[in-house]
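Q: Data: final.txt, compact mmCIF, C-alpha atoms.
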```txt
# COMPACT_ATOMS: atom_id res chain seq x y z
CA MET A 232 -38.37 -38.49 143.03
CA LEU A 233 -36.61 -38.87 146.38
CA VAL A 234 -36.17 -42.00 148.53
CA GLN A 235 -35.71 -41.58 152.28
CA LYS A 236 -34.89 -44.42 154.68
CA PHE A 237 -35.12 -44.16 158.47
CA GLY A 238 -33.36 -46.63 160.78
CA GLY A 239 -34.58 -48.18 163.99
CA SER A 240 -32.72 -45.83 166.33
CA SER A 241 -34.48 -42.91 164.60
CA LEU A 242 -37.80 -44.61 165.41
CA ALA A 243 -37.14 -45.41 169.07
CA ASP A 244 -39.77 -43.04 170.47
CA ILE A 245 -42.50 -40.59 169.54
CA ASP A 246 -40.01 -37.74 169.20
CA GLY A 247 -38.12 -39.71 166.59
CA PHE A 248 -41.27 -40.41 164.59
CA ILE A 249 -42.31 -36.76 164.70
CA ALA A 250 -38.83 -35.61 163.64
CA GLY A 251 -38.86 -38.11 160.79
CA ALA A 252 -42.32 -37.00 159.68
CA LYS A 253 -41.09 -33.40 159.55
CA ILE A 254 -38.15 -34.35 157.32
CA ILE A 255 -40.46 -36.34 155.04
CA SER A 256 -43.12 -33.64 154.80
CA ASN A 257 -40.55 -30.93 154.04
CA ALA A 258 -39.21 -32.99 151.16
CA ALA A 259 -42.72 -33.76 149.88
CA HIS A 260 -43.39 -30.06 149.33
CA ASP A 261 -41.07 -30.17 146.31
CA GLU A 262 -41.23 -33.71 144.92
CA GLN A 263 -42.65 -37.20 145.32
CA VAL A 264 -41.10 -39.14 148.20
CA VAL A 265 -40.85 -42.85 148.92
CA VAL A 266 -40.15 -43.61 152.58
CA VAL A 267 -38.63 -46.92 153.70
CA LEU A 268 -38.64 -47.74 157.42
CA SER A 269 -36.86 -50.16 159.73
CA ALA A 270 -38.47 -51.66 162.82
CA MET A 271 -38.43 -49.75 166.11
CA TYR A 272 -35.12 -49.93 167.92
CA GLY A 273 -34.72 -53.33 169.59
CA VAL A 274 -37.87 -54.96 168.18
CA THR A 275 -36.14 -57.22 165.62
CA ASP A 276 -33.75 -58.44 168.34
CA LEU A 277 -36.77 -59.24 170.53
CA LEU A 278 -38.42 -61.14 167.69
CA GLU A 279 -35.23 -63.14 167.21
CA SER A 280 -35.20 -63.83 170.95
CA ALA A 281 -38.84 -64.95 170.89
CA LYS A 282 -38.09 -67.38 168.06
CA LYS A 283 -35.07 -68.83 169.87
CA THR A 284 -36.96 -69.07 173.17
CA ALA A 285 -39.83 -70.92 171.48
CA ILE A 286 -37.43 -73.40 169.85
CA GLU A 287 -35.82 -74.06 173.23
CA GLY A 288 -39.20 -74.53 174.93
CA GLY A 289 -38.98 -71.35 177.01
CA ASP A 290 -41.55 -68.68 177.84
CA PHE A 291 -41.79 -66.85 174.53
CA LYS A 292 -44.93 -65.05 175.71
CA ALA A 293 -42.81 -62.96 178.08
CA VAL A 294 -40.74 -61.78 175.10
CA LEU A 295 -43.90 -60.98 173.16
CA GLU A 296 -45.06 -58.87 176.08
CA SER A 297 -41.87 -56.82 175.80
CA ILE A 298 -42.59 -56.23 172.11
CA ASN A 299 -46.16 -55.26 172.92
CA GLU A 300 -44.98 -52.80 175.58
CA LYS A 301 -42.76 -51.04 173.02
CA GLU A 302 -45.25 -50.89 170.18
CA GLN A 303 -48.45 -50.39 172.16
CA GLY A 304 -46.65 -47.81 174.27
CA ILE A 305 -45.75 -45.58 171.33
CA LEU A 306 -49.20 -46.12 169.81
CA ASP A 307 -50.79 -44.90 173.05
CA GLU A 308 -48.50 -41.85 173.06
CA MET A 309 -49.44 -41.01 169.48
CA GLN A 310 -53.14 -41.23 170.26
CA ALA A 311 -52.74 -39.19 173.45
CA ALA A 312 -51.02 -36.50 171.36
CA GLY A 313 -54.06 -36.36 169.09
CA PHE A 314 -52.76 -38.48 166.20
CA GLY A 315 -55.20 -41.14 165.08
CA CYS A 316 -53.46 -44.39 164.18
CA PRO A 317 -55.99 -46.77 162.56
CA LEU A 318 -53.51 -48.59 160.32
CA ALA A 319 -51.01 -49.29 163.10
CA GLY A 320 -53.67 -50.03 165.71
CA ASP A 321 -55.46 -52.64 163.62
CA PHE A 322 -52.17 -54.22 162.54
CA LEU A 323 -50.82 -54.45 166.08
CA GLN A 324 -53.84 -56.37 167.31
CA VAL A 325 -53.63 -58.89 164.47
CA GLN A 326 -49.84 -59.06 164.67
CA LEU A 327 -49.67 -60.08 168.33
CA GLU A 328 -52.27 -62.82 167.86
CA ARG A 329 -50.45 -64.14 164.81
CA LEU A 330 -47.05 -64.03 166.52
CA GLU A 331 -48.34 -66.02 169.47
CA THR A 332 -49.93 -68.63 167.17
CA ARG A 333 -46.81 -68.99 165.02
CA LEU A 334 -44.48 -69.22 168.01
CA ALA A 335 -46.68 -71.87 169.62
CA GLY A 336 -46.21 -73.91 166.46
CA VAL A 337 -42.45 -73.30 166.55
CA ALA A 338 -42.38 -74.53 170.16
CA LEU A 339 -44.20 -77.74 169.17
CA LEU A 340 -41.84 -78.36 166.24
CA GLU A 341 -38.72 -77.31 168.22
CA GLN A 342 -37.58 -75.60 165.03
CA CYS A 343 -38.55 -72.60 162.93
CA PRO A 344 -39.04 -73.09 159.18
CA PRO A 345 -37.58 -70.27 157.06
CA GLU A 346 -41.02 -69.21 155.80
CA VAL A 347 -42.25 -68.78 159.38
CA GLU A 348 -39.05 -66.97 160.40
CA ALA A 349 -39.60 -64.44 157.62
CA GLU A 350 -43.18 -63.88 158.73
CA LEU A 351 -42.11 -63.38 162.35
CA LEU A 352 -39.18 -61.04 161.74
CA SER A 353 -40.93 -58.80 159.20
CA THR A 354 -43.66 -57.67 161.60
CA GLY A 355 -41.55 -54.89 163.14
CA GLU A 356 -41.27 -53.04 159.83
CA GLY A 357 -44.94 -53.67 159.16
CA PHE A 358 -45.82 -51.79 162.35
CA THR A 359 -43.49 -48.79 162.01
CA SER A 360 -44.39 -48.16 158.37
CA ARG A 361 -48.10 -48.12 159.16
CA LEU A 362 -47.52 -45.88 162.17
CA MET A 363 -45.53 -43.36 160.13
CA CYS A 364 -48.23 -43.33 157.45
CA ASP A 365 -50.86 -42.74 160.16
CA LEU A 366 -48.82 -39.87 161.59
CA LEU A 367 -48.30 -38.20 158.22
CA ARG A 368 -52.00 -38.46 157.42
CA ALA A 369 -52.95 -37.11 160.86
CA GLN A 370 -50.72 -34.11 160.13
CA GLY A 371 -52.62 -33.47 156.90
CA HIS A 372 -50.19 -34.96 154.39
CA ALA A 373 -51.19 -37.07 151.41
CA ALA A 374 -49.52 -40.38 152.28
CA ARG A 375 -50.16 -43.94 151.14
CA TRP A 376 -48.97 -47.15 152.79
CA SER A 377 -48.09 -50.10 150.58
CA GLU A 378 -47.17 -53.70 151.27
CA THR A 379 -43.84 -54.77 149.79
CA ASP A 380 -45.31 -56.77 146.94
CA VAL A 381 -43.87 -53.80 145.04
CA LEU A 382 -40.43 -55.26 145.87
CA PRO A 383 -40.70 -58.77 144.36
CA PRO A 384 -37.92 -61.12 145.50
CA ALA A 385 -35.49 -62.34 142.86
CA ASN A 386 -35.02 -65.81 144.34
CA ASP A 387 -36.71 -68.34 146.62
CA SER A 388 -34.77 -67.68 149.83
CA TYR A 389 -37.05 -66.69 152.71
CA THR A 390 -34.23 -65.35 154.87
CA ASP A 391 -31.63 -63.89 152.47
CA SER A 392 -33.28 -62.80 149.25
CA LEU A 393 -32.64 -60.12 146.64
CA VAL A 394 -35.00 -57.66 144.95
CA ASP A 395 -35.93 -58.11 141.30
CA ILE A 396 -35.37 -54.44 140.45
CA GLU A 397 -36.59 -54.74 136.85
CA ALA A 398 -39.86 -56.29 137.99
CA ALA A 399 -40.20 -53.78 140.84
CA ALA A 400 -40.05 -50.70 138.60
CA PRO A 401 -43.59 -50.84 137.10
CA LEU A 402 -45.07 -51.95 140.43
CA LEU A 403 -43.53 -48.99 142.24
CA ARG A 404 -44.59 -46.56 139.52
CA GLN A 405 -48.14 -47.86 139.81
CA ALA A 406 -48.03 -47.49 143.61
CA MET A 407 -46.93 -43.87 143.17
CA ASP A 408 -49.90 -43.04 140.93
CA GLY A 409 -52.71 -41.10 142.58
CA ASP A 410 -53.23 -37.99 144.65
CA HIS A 411 -50.62 -38.85 147.29
CA SER A 412 -47.13 -37.35 147.28
CA ILE A 413 -45.68 -39.79 149.85
CA LEU A 414 -45.47 -43.58 149.56
CA VAL A 415 -44.53 -45.41 152.79
CA LEU A 416 -42.99 -48.89 152.61
CA PRO A 417 -41.71 -51.37 155.19
CA GLY A 418 -38.03 -52.15 154.80
CA PHE A 419 -36.17 -55.45 155.29
CA TYR A 420 -38.47 -57.65 153.23
CA GLY A 421 -40.32 -58.10 149.97
CA CYS A 422 -43.45 -60.12 149.23
CA ASN A 423 -43.44 -62.98 146.74
CA ASP A 424 -46.25 -63.89 144.34
CA LYS A 425 -47.94 -65.87 147.13
CA GLY A 426 -48.06 -62.76 149.31
CA LYS A 427 -45.48 -64.24 151.70
CA PRO A 428 -42.62 -62.09 153.07
CA GLN A 429 -39.03 -62.86 152.14
CA LEU A 430 -36.30 -61.18 154.15
CA MET A 431 -33.52 -59.22 152.44
CA GLY A 432 -30.82 -60.22 154.92
CA ARG A 433 -28.66 -58.00 157.13
CA ASN A 434 -29.05 -54.27 156.47
CA GLY A 435 -32.09 -55.26 154.43
CA SER A 436 -33.88 -51.93 154.92
CA ASP A 437 -30.96 -49.93 153.49
CA TYR A 438 -30.82 -52.41 150.62
CA CYS A 439 -34.57 -52.12 149.97
CA ALA A 440 -34.31 -48.31 149.88
CA ALA A 441 -31.45 -48.51 147.38
CA CYS A 442 -33.47 -50.91 145.22
CA VAL A 443 -36.47 -48.56 145.26
CA ALA A 444 -34.22 -45.69 144.19
CA ALA A 445 -32.70 -47.76 141.39
CA ALA A 446 -36.08 -49.02 140.16
CA LEU A 447 -37.59 -45.52 140.11
CA GLN A 448 -34.39 -43.83 138.90
CA ALA A 449 -34.72 -41.45 141.85
CA ARG A 450 -32.49 -38.41 141.98
CA SER A 451 -31.24 -39.43 145.44
CA CYS A 452 -31.52 -42.05 148.16
CA GLU A 453 -31.07 -40.65 151.68
CA ILE A 454 -30.24 -42.96 154.57
CA TRP A 455 -31.18 -41.06 157.73
CA LYS A 456 -29.35 -41.97 160.94
CA ASP A 457 -29.82 -40.91 164.55
CA VAL A 458 -26.56 -38.94 164.70
CA ASP A 459 -25.53 -35.27 164.57
```
Translate this file's structure into structure tokens.

A:
Amino acid sequence: MLVQKFGGSSLADIDGFIAGAKIISNAAHDEQVVVVLSAMYGVTDLLESAKKTAIEGGDFKAVLESINEKEQGILDEMQAAGFGCPLAGDFLQVQLERLETRLAGVALLEQCPPEVEAELLSTGEGFTSRLMCDLLRAQGHAARWSETDVLPPANDSYTDSLVDIEAAAPLLRQAMDGDHSILVLPGFYGCNDKGKPQLMGRNGSDYCAACVAAALQARSCEIWKDVD
């Protein structure tokens, strides 16, 4: 068992996704792999900006358009290159509608409840993980995407939680069962028993990857960075 985590700068463009998929698929020839992904470079900062803009009564829709340009842009490139992306495409459509609805509510309240903040800020990882799973499948690899209910939070904090590693172990093992050799997970958050996301704080994707490795007693946890 191997855990691989890819950061946002490694997922900034289509070349980064393809390079990451190659690393993942090479590893999957020899063992089962769990992949944990950050959001695309800059997307979480844009989501933070959209939240702040909505609270201050500004034009948050302009910020959402910037997010859409990034995510729809890479989705279009993937499809133009011949990679079907049904998971990411369906999610992106729902995500943008939901973000606009939630931010409109934030603007009315002039504040953002922690539960809503977690829902907003976790969408970037939701998109990249689905897109990577789509890419791996399009390349002929046996990959499965899973929501992070396999990483149950250990407390009630929506913005700075911890993973219940003991509870995660059987859930992750169950998610690994089947014909697939690659399990793809969003980083940065876990899902509670109500199905709501809870953020794992700063560097949450690295932390989630380490928790997956601990829960599965993986032989190694690799944190891949966009450096030489």

Q: Here is a test: counting only C-alpha atoms, which residue of A:Gly432, A:Pro417, A:Gly288, A:Gly409 is nearest to Cys364 (chain A)?

A: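 Closest candidate: A:Pro417.
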
Q: Just want the 8 Å neighbourhood of region 349-356 of chain A, counted on only C-alpha atoms, with same-chain residues fewer than 2 positions away dropped. Output as a tab-separated table (two decimals) with C-alpha atoms, in the frame of the given file.

A:
```tsv
chain	number	residue	atom	x	y	z
A	268	LEU	CA	-38.64	-47.74	157.42
A	269	SER	CA	-36.86	-50.16	159.73
A	270	ALA	CA	-38.47	-51.66	162.82
A	271	MET	CA	-38.43	-49.75	166.11
A	274	VAL	CA	-37.87	-54.96	168.18
A	275	THR	CA	-36.14	-57.22	165.62
A	278	LEU	CA	-38.42	-61.14	167.69
A	279	GLU	CA	-35.23	-63.14	167.21
A	326	GLN	CA	-49.84	-59.06	164.67
A	330	LEU	CA	-47.05	-64.03	166.52
A	333	ARG	CA	-46.81	-68.99	165.02
A	345	PRO	CA	-37.58	-70.27	157.06
A	346	GLU	CA	-41.02	-69.21	155.80
A	347	VAL	CA	-42.25	-68.78	159.38
A	358	PHE	CA	-45.82	-51.79	162.35
A	359	THR	CA	-43.49	-48.79	162.01
A	360	SER	CA	-44.39	-48.16	158.37
A	389	TYR	CA	-37.05	-66.69	152.71
A	390	THR	CA	-34.23	-65.35	154.87
A	417	PRO	CA	-41.71	-51.37	155.19
A	418	GLY	CA	-38.03	-52.15	154.80
A	419	PHE	CA	-36.17	-55.45	155.29
A	420	TYR	CA	-38.47	-57.65	153.23
A	427	LYS	CA	-45.48	-64.24	151.70
A	428	PRO	CA	-42.62	-62.09	153.07
A	429	GLN	CA	-39.03	-62.86	152.14
A	430	LEU	CA	-36.30	-61.18	154.15
```

Q: List as a Markdown table every residue of region 348-454 of chain A that is in contact with region 302-316 of chain A, defined as an atom at most 7 Å from one of its atoms (using all atoms listed in the file), together with the nearest atom pair and the distance in Å rounded to one decimal, sorted by chain and then rising number.

A:
```
| residue | atom | partner | partner_atom | distance |
| --- | --- | --- | --- | --- |
| A:Leu362 | CA | A:Cys316 | CA | 6.4 |
| A:Asp365 | CA | A:Cys316 | CA | 5.1 |
| A:Leu366 | CA | A:Phe314 | CA | 6.2 |
| A:Ala369 | CA | A:Phe314 | CA | 5.5 |
```

Q: Would you compute, for all listed atoms of region 235-254 of chain A, the axis-aligned bounding box grown by 3 Å on each side, and then report its centre and edge lengths in Å rounded to one decimal, as lines of an AutoDock Vina configuration file?

A:
```
center_x = -37.6
center_y = -40.8
center_z = 161.4
size_x = 15.8
size_y = 20.8
size_z = 24.2
```

Q: Measuring between all atoms listed in the file, which one of A:Leu327, A:Leu403, A:Leu393, A:Val265 shows the shortest distance to Ala440 (chain A)?

A: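 Checking each of A:Leu327, A:Leu403, A:Leu393, A:Val265 against Ala440 (chain A), counting all atoms listed in the file, the winner is A:Val265.
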
Q: What does the distance between CA of Ile255 (chain A) and CA of Leu323 (chain A) come to in Å, to one decimal place?

A: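 Between CA of Ile255 (chain A) and CA of Leu323 (chain A) the gap works out to 23.6 Å.
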
Q: In Å to one decimal, how far is CA of Val415 (chain A) from CA of Trp376 (chain A)?

A: 4.8 Å

Q: Considering all atoms listed in the file, return as a list of chain:residue names whatever protein or nucleic-acid residues lie within 7 Å of Leu414 (chain A), sequence-local ones (same chain, fewer than 4 positions apart) excluded.

A: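 Surrounding residues, per the criterion: A:Val264, A:Val265, A:Val266, A:Ala374, A:Arg375, A:Trp376, A:Met407.
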
Q: In Å, with one decimal, what is the gap from CA of Gly238 (chain A) to CA of Pro344 (chain A)?

A: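 These two atoms are separated by 27.1 Å.
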
Q: Measuring atom to atom with all atoms listed in the file, identify which of A:Met363, A:Ala449, A:Leu334, A:Ala243 is nearest to Ala281 (chain A).

A: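 Of A:Met363, A:Ala449, A:Leu334, A:Ala243, the one nearest Ala281 (chain A), counting all atoms listed in the file, is A:Leu334.
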
Q: Looking at A:Gln342, A:Gln370, A:Ser412, A:Ser451, which one is nearest to His260 (chain A), with distances taken over only C-alpha atoms?

A: A:Ser412
